[in-house]
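Structure file my_file-v8.pdb (PDB, C-alpha atoms and all ligand atoms) is printed below.
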```
ATOM      1  CA  MET H  17     124.092 145.017 131.121
ATOM      2  CA  LEU H  18     124.658 146.146 127.568
ATOM      3  CA  ASN H  19     121.985 145.264 125.106
ATOM      4  CA  LEU H  20     123.775 144.227 121.941
ATOM      5  CA  GLY H  21     120.806 142.904 120.017
ATOM      6  CA  PHE H  22     118.590 144.509 117.458
ATOM      7  CA  ILE H  23     115.986 146.841 118.828
ATOM      8  CA  ARG H  24     113.171 147.720 116.505
ATOM      9  CA  SER H  25     112.007 151.258 116.013
ATOM     10  CA  SER H  26     109.220 150.908 118.553
ATOM     11  CA  ALA H  27     111.694 150.314 121.363
ATOM     12  CA  CYS H  28     113.159 153.125 123.408
ATOM     13  CA  ARG H  29     116.478 152.449 125.022
ATOM     14  CA  PHE H  30     119.581 153.895 126.592
ATOM     15  CA  SER H  31     121.990 150.997 126.132
ATOM     16  CA  PRO H  32     124.164 150.339 123.050
ATOM     17  CA  SER H  33     122.081 148.790 120.338
ATOM     18  CA  ILE H  34     121.247 148.930 116.690
ATOM     19  CA  ILE H  35     117.900 150.270 115.709
ATOM     20  CA  ASN H  36     116.670 149.031 112.379
ATOM     21  CA  HIS H  37     114.774 151.535 110.312
ATOM     22  CA  SER H  38     114.801 155.058 111.646
ATOM     23  CA  PRO H  39     112.495 155.561 114.569
ATOM     24  CA  SER H  40     110.157 158.485 114.684
ATOM     25  CA  PRO H  41     111.709 161.419 116.547
ATOM     26  CA  SER H  42     109.202 161.086 119.371
ATOM     27  CA  CYS H  43     110.460 157.603 120.084
ATOM     28  CA  PHE H  44     114.148 158.370 119.901
ATOM     29  CA  CYS H  45     115.208 158.089 123.472
ATOM     30  CA  PHE H  46     118.599 159.598 124.139
ATOM     31  CA  SER H  47     118.689 160.803 127.711
ATOM     32  CA  PRO H  48     117.941 164.522 127.632
ATOM     33  CA  LYS H  49     121.054 166.358 128.727
ATOM     34  CA  GLN H  50     121.947 169.964 128.855
ATOM     35  CA  THR H  51     124.648 170.784 126.350
ATOM     36  CA  ILE H  52     127.324 172.772 128.096
ATOM     37  CA  SER H  53     129.341 174.832 125.653
ATOM     38  CA  PHE H  54     132.658 176.496 126.177
ATOM     39  CA  ALA H  55     134.925 178.494 123.908
ATOM     40  CA  VAL H  56     138.486 177.588 122.974
ATOM     41  CA  ARG H  57     140.955 179.353 120.730
ATOM     42  CA  SER H  58     141.469 177.330 117.553
ATOM     43  CA  GLN H  59     144.769 176.987 115.652
ATOM     44  CA  MET H  60     143.612 179.749 113.322
ATOM     45  CA  GLY H  61     143.320 182.127 116.265
ATOM     46  CA  SER H  62     139.539 182.314 116.124
ATOM     47  CA  PHE H  63     137.268 181.045 118.854
ATOM     48  CA  THR H  64     135.469 177.770 118.365
ATOM     49  CA  THR H  65     132.601 176.506 120.421
ATOM     50  CA  LEU H  66     133.011 172.985 121.684
ATOM     51  CA  SER H  67     129.938 171.324 123.068
ATOM     52  CA  GLN H  68     129.898 168.728 125.783
ATOM     53  CA  SER H  69     128.677 166.237 123.189
ATOM     54  CA  SER H  70     131.843 166.774 121.102
ATOM     55  CA  SER H  71     134.106 165.968 124.029
ATOM     56  CA  ARG H  72     131.891 162.971 124.817
ATOM     57  CA  LEU H  73     133.173 161.289 121.652
ATOM     58  CA  LEU H  74     136.549 159.629 122.022
ATOM     59  CA  PHE H  75     137.956 159.366 118.508
ATOM     60  CA  ARG H  76     141.144 157.861 117.105
ATOM     61  CA  GLN H  77     142.260 157.493 113.479
ATOM     62  CA  LEU H  78     144.555 154.469 113.053
ATOM     63  CA  PHE H  79     146.598 153.529 109.987
ATOM     64  CA  GLU H  80     147.668 150.212 108.415
ATOM     65  CA  LYS H  81     150.544 151.023 106.103
ATOM     66  CA  GLU H  82     150.649 148.010 103.720
ATOM     67  CA  SER H  83     147.138 148.672 102.398
ATOM     68  CA  SER H  84     147.058 152.369 103.395
ATOM     69  CA  THR H  85     143.864 151.647 105.316
ATOM     70  CA  TYR H  86     142.367 153.798 108.049
ATOM     71  CA  THR H  87     140.630 152.153 110.978
ATOM     72  CA  TYR H  88     138.537 154.353 113.246
ATOM     73  CA  LEU H  89     137.944 153.918 116.964
ATOM     74  CA  LEU H  90     134.930 155.710 118.428
ATOM     75  CA  ALA H  91     133.653 155.532 121.998
ATOM     76  CA  ASP H  92     131.239 157.279 124.325
ATOM     77  CA  SER H  93     133.720 158.421 126.959
ATOM     78  CA  PHE H  94     131.060 159.825 129.308
ATOM     79  CA  HIS H  95     129.121 156.565 129.542
ATOM     80  CA  PRO H  96     130.120 154.463 132.582
ATOM     81  CA  ASP H  97     130.963 151.456 130.337
ATOM     82  CA  LYS H  98     132.762 153.547 127.672
ATOM     83  CA  PRO H  99     131.195 151.493 124.860
ATOM     84  CA  ALA H 100     133.303 151.571 121.690
ATOM     85  CA  LEU H 101     133.296 150.472 118.072
ATOM     86  CA  LEU H 102     135.934 149.984 115.403
ATOM     87  CA  ILE H 103     135.243 150.855 111.769
ATOM     88  CA  ASP H 104     137.202 148.934 109.108
ATOM     89  CA  PRO H 105     139.747 147.100 111.276
ATOM     90  CA  VAL H 106     142.536 145.280 109.399
ATOM     91  CA  ASP H 107     143.674 141.746 110.383
ATOM     92  CA  LYS H 108     147.346 142.811 110.601
ATOM     93  CA  THR H 109     146.702 145.585 113.134
ATOM     94  CA  VAL H 110     144.095 143.909 115.342
ATOM     95  CA  ASP H 111     146.509 143.464 118.269
ATOM     96  CA  ARG H 112     147.569 147.108 118.131
ATOM     97  CA  ASP H 113     143.946 148.269 118.009
ATOM     98  CA  LEU H 114     142.823 145.991 120.845
ATOM     99  CA  SER H 115     145.666 147.059 123.096
ATOM    100  CA  LEU H 116     144.636 150.696 122.540
ATOM    101  CA  VAL H 117     141.043 149.759 123.415
ATOM    102  CA  ARG H 118     142.309 148.133 126.642
ATOM    103  CA  GLU H 119     144.622 151.019 127.560
ATOM    104  CA  LEU H 120     141.807 153.525 127.157
ATOM    105  CA  GLY H 121     139.503 151.406 129.331
ATOM    106  CA  LEU H 122     136.905 150.982 126.582
ATOM    107  CA  LYS H 123     134.386 148.207 126.097
ATOM    108  CA  LEU H 124     134.429 147.203 122.447
ATOM    109  CA  ILE H 125     130.939 146.244 121.333
ATOM    110  CA  TYR H 126     130.992 146.432 117.518
ATOM    111  CA  ALA H 127     133.521 145.717 114.746
ATOM    112  CA  ILE H 128     132.046 147.335 111.663
ATOM    113  CA  ASN H 129     132.894 147.263 107.960
ATOM    114  CA  THR H 130     131.928 149.875 105.397
ATOM    115  CA  HIS H 131     132.029 147.171 102.673
ATOM    116  CA  VAL H 132     133.672 143.945 101.510
ATOM    117  CA  HIS H 133     137.263 145.100 101.083
ATOM    118  CA  ALA H 134     139.333 143.847  98.133
ATOM    119  CA  ASP H 135     142.814 144.936  99.214
ATOM    120  CA  HIS H 136     143.130 143.579 102.761
ATOM    121  CA  VAL H 137     141.499 141.085 105.097
ATOM    122  CA  THR H 138     139.135 142.605 107.635
ATOM    123  CA  GLY H 139     140.029 142.310 111.313
ATOM    124  CA  THR H 140     136.450 141.744 112.443
ATOM    125  CA  GLY H 141     136.643 137.931 112.603
ATOM    126  CA  LEU H 142     139.909 137.991 114.593
ATOM    127  CA  ILE H 143     138.498 140.604 116.961
ATOM    128  CA  LYS H 144     135.444 138.448 117.658
ATOM    129  CA  GLY H 145     137.770 135.577 118.579
ATOM    130  CA  LYS H 146     139.797 137.765 120.942
ATOM    131  CA  VAL H 147     137.056 139.838 122.589
ATOM    132  CA  PRO H 148     133.972 137.840 123.518
ATOM    133  CA  GLY H 149     130.697 139.633 122.940
ATOM    134  CA  VAL H 150     131.859 141.872 120.087
ATOM    135  CA  LYS H 151     129.414 141.819 117.174
ATOM    136  CA  SER H 152     130.503 142.149 113.555
ATOM    137  CA  VAL H 153     128.431 144.532 111.451
ATOM    138  CA  ILE H 154     128.145 145.012 107.680
ATOM    139  CA  SER H 155     125.423 146.077 105.260
ATOM    140  CA  LYS H 156     122.787 143.546 104.275
ATOM    141  CA  ALA H 157     123.409 144.518 100.646
ATOM    142  CA  SER H 158     127.032 143.315 100.902
ATOM    143  CA  GLY H 159     125.876 139.685 100.930
ATOM    144  CA  SER H 160     128.671 138.980 103.405
ATOM    145  CA  ARG H 161     128.532 137.061 106.679
ATOM    146  CA  ALA H 162     128.295 139.026 109.956
ATOM    147  CA  ASP H 163     126.368 139.068 113.231
ATOM    148  CA  VAL H 164     124.396 142.184 112.402
ATOM    149  CA  PHE H 165     123.257 143.429 108.995
ATOM    150  CA  VAL H 166     122.453 147.096 108.608
ATOM    151  CA  GLU H 167     120.264 148.868 106.086
ATOM    152  CA  PRO H 168     119.911 152.534 105.107
ATOM    153  CA  GLY H 169     118.370 154.563 107.910
ATOM    154  CA  ASP H 170     119.480 152.181 110.667
ATOM    155  CA  LYS H 171     121.186 153.641 113.697
ATOM    156  CA  ILE H 172     124.093 152.030 115.506
ATOM    157  CA  SER H 173     124.180 153.172 119.117
ATOM    158  CA  PHE H 174     127.150 153.143 121.456
ATOM    159  CA  GLY H 175     126.267 154.674 124.789
ATOM    160  CA  ASP H 176     124.440 157.929 124.144
ATOM    161  CA  LEU H 177     126.058 158.409 120.723
ATOM    162  CA  PHE H 178     125.033 156.846 117.449
ATOM    163  CA  LEU H 179     125.974 156.377 113.814
ATOM    164  CA  GLU H 180     123.444 156.615 111.023
ATOM    165  CA  VAL H 181     123.727 154.246 108.048
ATOM    166  CA  ARG H 182     123.602 155.685 104.515
ATOM    167  CA  ALA H 183     123.697 153.478 101.402
ATOM    168  CA  THR H 184     126.541 154.639  99.136
ATOM    169  CA  PRO H 185     126.930 151.891  96.493
ATOM    170  CA  GLY H 186     129.226 152.295  93.498
ATOM    171  CA  HIS H 187     132.657 151.028  94.596
ATOM    172  CA  THR H 188     130.824 147.833  95.610
ATOM    173  CA  VAL H 189     127.081 147.138  95.708
ATOM    174  CA  GLY H 190     127.022 146.960  99.495
ATOM    175  CA  CYS H 191     129.073 150.071 100.354
ATOM    176  CA  VAL H 192     127.674 152.188 103.171
ATOM    177  CA  THR H 193     128.747 155.412 104.843
ATOM    178  CA  TYR H 194     128.390 155.746 108.610
ATOM    179  CA  VAL H 195     127.530 159.268 109.780
ATOM    180  CA  THR H 196     127.570 160.497 113.375
ATOM    181  CA  GLY H 197     124.165 161.419 114.700
ATOM    182  CA  ASP H 198     122.250 164.581 114.071
ATOM    183  CA  GLY H 199     121.062 166.120 117.305
ATOM    184  CA  PRO H 200     121.957 168.318 120.254
ATOM    185  CA  ASP H 201     123.704 165.504 122.139
ATOM    186  CA  GLN H 202     125.771 164.341 119.151
ATOM    187  CA  PRO H 203     129.233 165.556 118.021
ATOM    188  CA  GLN H 204     129.445 168.763 116.014
ATOM    189  CA  PRO H 205     130.514 169.026 113.267
ATOM    190  CA  ARG H 206     129.164 165.701 112.108
ATOM    191  CA  MET H 207     131.630 163.074 110.914
ATOM    192  CA  ALA H 208     131.117 160.654 108.010
ATOM    193  CA  PHE H 209     133.090 157.443 107.533
ATOM    194  CA  THR H 210     132.911 157.046 103.789
ATOM    195  CA  GLY H 211     134.783 153.766 103.258
ATOM    196  CA  ASP H 212     136.007 153.671  99.649
ATOM    197  CA  THR H 213     133.060 155.645  98.279
ATOM    198  CA  LEU H 214     134.677 159.024  98.732
ATOM    199  CA  LEU H 215     138.444 159.339  99.095
ATOM    200  CA  ILE H 216     140.195 162.652  99.743
ATOM    201  CA  ARG H 217     140.274 164.374  96.327
ATOM    202  CA  GLY H 218     139.258 161.063  94.773
ATOM    203  CA  CYS H 219     136.825 158.165  95.039
ATOM    204  CA  GLY H 220     136.754 154.397  95.024
ATOM    205  CA  ARG H 221     137.326 152.568  91.754
ATOM    206  CA  THR H 222     134.235 151.049  90.155
ATOM    207  CA  ASP H 223     135.691 148.335  87.934
ATOM    208  CA  PHE H 224     134.994 145.183  90.006
ATOM    209  CA  GLN H 225     132.724 143.663  92.690
ATOM    210  CA  GLY H 226     129.559 144.993  91.068
ATOM    211  CA  GLY H 227     130.989 148.503  90.922
ATOM    212  CA  SER H 228     129.206 151.202  88.956
ATOM    213  CA  SER H 229     130.381 154.745  88.282
ATOM    214  CA  GLU H 230     126.754 155.871  87.805
ATOM    215  CA  GLN H 231     125.845 154.564  91.251
ATOM    216  CA  LEU H 232     128.930 156.032  92.912
ATOM    217  CA  TYR H 233     128.267 159.462  91.429
ATOM    218  CA  LYS H 234     124.649 159.395  92.624
ATOM    219  CA  SER H 235     125.624 158.062  96.055
ATOM    220  CA  VAL H 236     128.098 160.842  96.697
ATOM    221  CA  HIS H 237     125.840 163.592  95.428
ATOM    222  CA  SER H 238     122.715 162.403  97.243
ATOM    223  CA  GLN H 239     124.128 160.926 100.475
ATOM    224  CA  ILE H 240     127.404 162.743 101.194
ATOM    225  CA  PHE H 241     127.313 166.124  99.477
ATOM    226  CA  THR H 242     123.893 166.785 101.077
ATOM    227  CA  LEU H 243     125.450 166.747 104.550
ATOM    228  CA  PRO H 244     126.393 170.123 106.083
ATOM    229  CA  LYS H 245     129.502 171.570 104.393
ATOM    230  CA  GLU H 246     131.526 171.456 107.619
ATOM    231  CA  THR H 247     130.941 167.683 108.003
ATOM    232  CA  LEU H 248     134.282 165.941 108.453
ATOM    233  CA  LEU H 249     134.891 163.112 105.982
ATOM    234  CA  TYR H 250     137.058 160.178 106.978
ATOM    235  CA  PRO H 251     137.849 157.689 104.169
ATOM    236  CA  ALA H 252     138.993 154.062 104.455
ATOM    237  CA  HIS H 253     142.200 154.811 102.522
ATOM    238  CA  ASP H 254     144.582 157.534 101.638
ATOM    239  CA  TYR H 255     147.587 157.060  99.380
ATOM    240  CA  LYS H 256     149.011 160.582  99.626
ATOM    241  CA  GLY H 257     149.254 161.259 103.349
ATOM    242  CA  PHE H 258     145.960 163.097 103.818
ATOM    243  CA  THR H 259     143.900 162.282 106.878
ATOM    244  CA  VAL H 260     140.577 164.116 106.724
ATOM    245  CA  THR H 261     138.554 166.404 104.498
ATOM    246  CA  THR H 262     135.160 168.105 104.599
ATOM    247  CA  VAL H 263     132.042 168.041 102.442
ATOM    248  CA  GLY H 264     132.667 171.679 101.445
ATOM    249  CA  GLU H 265     136.257 170.975 100.426
ATOM    250  CA  GLU H 266     135.362 167.968  98.281
ATOM    251  CA  MET H 267     132.428 169.787  96.653
ATOM    252  CA  GLN H 268     134.924 172.420  95.570
ATOM    253  CA  TYR H 269     138.128 170.507  94.877
ATOM    254  CA  ASN H 270     137.416 166.827  94.210
ATOM    255  CA  PRO H 271     138.874 166.355  90.708
ATOM    256  CA  ARG H 272     136.385 163.613  89.815
ATOM    257  CA  LEU H 273     133.163 164.380  91.648
ATOM    258  CA  THR H 274     132.978 168.083  90.810
ATOM    259  CA  LYS H 275     132.600 167.097  87.124
ATOM    260  CA  ASN H 276     129.303 166.311  85.425
ATOM    261  CA  GLU H 277     128.203 162.682  85.377
ATOM    262  CA  GLU H 278     129.340 161.981  81.822
ATOM    263  CA  THR H 279     132.858 163.328  82.442
ATOM    264  CA  PHE H 280     132.973 161.419  85.730
ATOM    265  CA  ARG H 281     132.072 158.167  83.928
ATOM    266  CA  SER H 282     134.820 158.739  81.398
ATOM    267  CA  ILE H 283     137.394 159.471  84.150
ATOM    268  CA  MET H 284     136.436 156.246  85.926
ATOM    269  CA  GLN H 285     136.628 154.204  82.716
ATOM    270  CA  ASN H 286     140.143 155.418  82.124
ATOM    271  CA  LEU H 287     141.716 155.003  85.560
ATOM    272  CA  ASN H 288     143.615 151.898  84.383
ATOM    273  CA  LEU H 289     144.499 150.836  87.909
ATOM    274  CA  PRO H 290     146.017 147.377  88.424
ATOM    275  CA  TYR H 291     143.815 145.070  90.509
ATOM    276  CA  PRO H 292     144.652 145.150  94.227
ATOM    277  CA  LYS H 293     147.407 142.638  94.969
ATOM    278  CA  MET H 294     145.345 140.873  97.661
ATOM    279  CA  ILE H 295     142.011 140.734  95.816
ATOM    280  CA  ASP H 296     141.882 136.942  95.360
ATOM    281  CA  VAL H 297     142.541 136.345  99.052
ATOM    282  CA  ALA H 298     140.756 139.344 100.520
ATOM    283  CA  VAL H 299     137.336 139.133  98.862
ATOM    284  CA  PRO H 300     136.567 135.461  99.708
ATOM    285  CA  ALA H 301     137.900 135.968 103.257
ATOM    286  CA  ASN H 302     135.895 139.146 103.776
ATOM    287  CA  MET H 303     132.704 137.488 102.543
ATOM    288  CA  VAL H 304     132.968 135.357 105.701
ATOM    289  CA  CYS H 305     133.994 138.119 108.116
ATOM    290  CA  GLY H 306     137.724 137.552 107.558
ATOM    291  CA  LEU H 307     137.546 134.047 108.998
ATOM    292  CA  GLN H 308     138.101 131.908 105.900
ATOM    293  CA  ASP H 309     141.606 130.914 106.922
ATOM    294  CA  LEU H 310     140.662 130.025 110.489
ATOM    295  CA  GLU H 311     137.636 128.041 109.297
ATOM    296  CA  SER H 312     139.563 126.040 106.707
ATOM    297  CA  LYS H 313     142.241 125.235 109.325
ATOM    298  CA  ALA H 314     139.540 124.006 111.723
ATOM    299  CA  ASN H 315     138.044 121.623 109.112
TER
HETATM  300  N1  LIG P   1     147.531 149.275  95.030
HETATM  301  C1  LIG P   1     146.623 148.821  96.009
HETATM  302  C2  LIG P   1     145.174 149.050  95.608
HETATM  303  C3  LIG P   1     144.866 150.453  95.232
HETATM  304  C4  LIG P   1     143.384 150.535  94.899
HETATM  305  O1  LIG P   1     142.933 150.008  93.897
HETATM  306  N2  LIG P   1     142.613 151.162  95.804
HETATM  307  C5  LIG P   1     141.178 151.127  95.729
HETATM  308  C6  LIG P   1     140.615 151.038  97.092
HETATM  309  S1  LIG P   1     141.088 149.522  97.847
HETATM  310  S2  LIG P   1     140.040 148.203  96.794
HETATM  311  C7  LIG P   1     140.584 152.308  94.998
HETATM  312  O2  LIG P   1     139.402 152.382  94.874
HETATM  313  N3  LIG P   1     141.410 153.243  94.516
HETATM  314  C8  LIG P   1     140.913 154.377  93.802
HETATM  315  C9  LIG P   1     142.028 155.262  93.358
HETATM  316  O3  LIG P   1     141.746 156.203  92.619
HETATM  317  O4  LIG P   1     143.188 154.997  93.743
HETATM  318  C10 LIG P   1     146.767 147.322  96.267
HETATM  319  O5  LIG P   1     147.370 146.638  95.448
HETATM  320  O6  LIG P   1     146.201 146.869  97.259
END
```
Here is the file; what I need is its structure written in the form of structure tokens.
Amino acid sequence: MLNLGFIRSSACRFSPSIINHSPSPSCFCFSPKQTISFAVRSQMGSFTTLSQSSSRLLFRQLFEKESSTYTYLLADSFHPDKPALLIDPVDKTVDRDLSLVRELGLKLIYAINTHVHADHVTGTGLIKGKVPGVKSVISKASGSRADVFVEPGDKISFGDLFLEVRATPGHTVGCVTYVTGDGPDQPQPRMAFTGDTLLIRGCGRTDFQGGSSEQLYKSVHSQIFTLPKETLLYPAHDYKGFTVTTVGEEMQYNPRLTKNEETFRSIMQNLNLPYPKMIDVAVPANMVCGLQDLESKAN
């Protein structure tokens, strides 16, 4: 049986669960496993060491073209149940994503949002209706409806892998970044799902939904740029065809976040972006897990 409920920091467990508030290391109970490493030749011709824990993670980056949104599928492929989660699913691509989950033999346990999106309706509500037992997850600070609310320092477990929750407000007040675990049994390099906080060579706008350029700047510098330089960064959107970046790359080349805070604030004040086309539909729907339409039809 999978335990989908909250488990407090005093509980030790092996099944998928969310731990609220980081447990002390002595209590953190991933099953001790030997990490078996082997060398492969990388595209650059050099040898790279892959650990067993890296191949344990099944990872897919999925794209929704109307809103240029990335959805991420992660699963523990070594666990007998292959527990999986989706980050930032979009309503329009739910059927595609769920058929992939089925084809790969995964058990979807969480549908997670990085924040209340303004440009598309989340797929989490639809997914819950189609796959019984899936729990929707969002930050407590978002003020949105969901089954599970996460706070900074929480860990979201799926099998023997986990994501750590980091608060990265600025694009919206409730924005969080989900980072793969730090530890010998977790994927290397680490991966961070930054939502709209950090985009490749850019960042989320800060001109609505409680946005703040000061907060975004601090969030990135304290919660993302402090990760190891080789950490892979996966944003919720890309408008130019990029798919992934790294902490090191963005620290060197991000045209906004490499500037000092005052220059950054001025850049953000002068973006002059039109509001997202879907904002008036998307925000109210996403405040109720993407279910506004279904609920109003039922009433
Ligand atoms: N044209 C799109 C919306 C584009 C947009 O505003 N993107 C957001 C993230 S989605 S709310 C953003 O933060 N962009 C930052 C940037 O520099 O582009 C639409 O109409 O949906």
Exercise. So what do you get for atom C2 of ligand LIG 1 (chain P) versus atom CA of Val153 of chain H, distance-wise?
Worked result: 23.5 Å
For this session: Find the residues near ligand LIG 1 (chain P). Use a cut-off of 7 Å, count only C-alpha atoms and all ligand atoms, and write them as a ChimeraX atom specification.
Result: /H:83,133-135,187,212,218-221,253,289-294
For this session: Name the residues in contact with Pro300 of chain H at a cut-off of 12 Å, using only C-alpha atoms, excluding same-chain residues fewer than 4 positions from it; report them as a ChimeraX atom specification.
Result: /H:132-138,159-161,225,294-296,304-309
Exercise. Can you list, as a VMD selection string, every protein, DNA or RNA residue that comes within 12 Å of Met207 of chain H when you count all atoms listed in the file, leaving out same-chain residues fewer than 3 positions away?
Worked result: chain H and resid 70 73 75 88 90 178 to 180 193 to 198 202 to 204 210 240 243 to 251 260 to 263
For this session: Give as a PyMOL selection string the set of residues within 12 Å of the point (150.7, 159.4, 103.7), where distances use the file's coordinates and only C-alpha atoms.
Result: chain H and resi 79-86+216+253-260
For this session: Apply the PyMOL selection byres (((chain H and resi 154) around 8) and not hetatm) to the file shown and report the selected residues as number ranges by chain.
Result: H: 128-131, 152-153, 155-156, 158, 160, 162, 164-166
Problem set entry | Answer key for the PyMOL selection byres (((chain H and resi 142) around 8) and not hetatm), residues as a PyMOL selection string | chain H and resi 107+110+139-141+143-146+306-307
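A straight line drawn from atom CA of Val181 of chain H to atom CA of Gly169 of chain H is 5.4 Å long.
Atom CA of Ala252 of chain H sits 7.2 Å away from atom CA of Asp104 of chain H.
Run against this file, the PyMOL selection byres (((chain H and resi 99) around 10) and not hetatm) gives back Leu18, Ser31, Pro32, Leu90, Ala91, Asp92, Ser93, Phe94, His95, Pro96, Asp97, Lys98, Ala100, Leu101, Gly121, Leu122, Lys123, Leu124, Ile125, Tyr126, Ser173, Phe174, Gly175, Asp176 and Leu177 of chain H.
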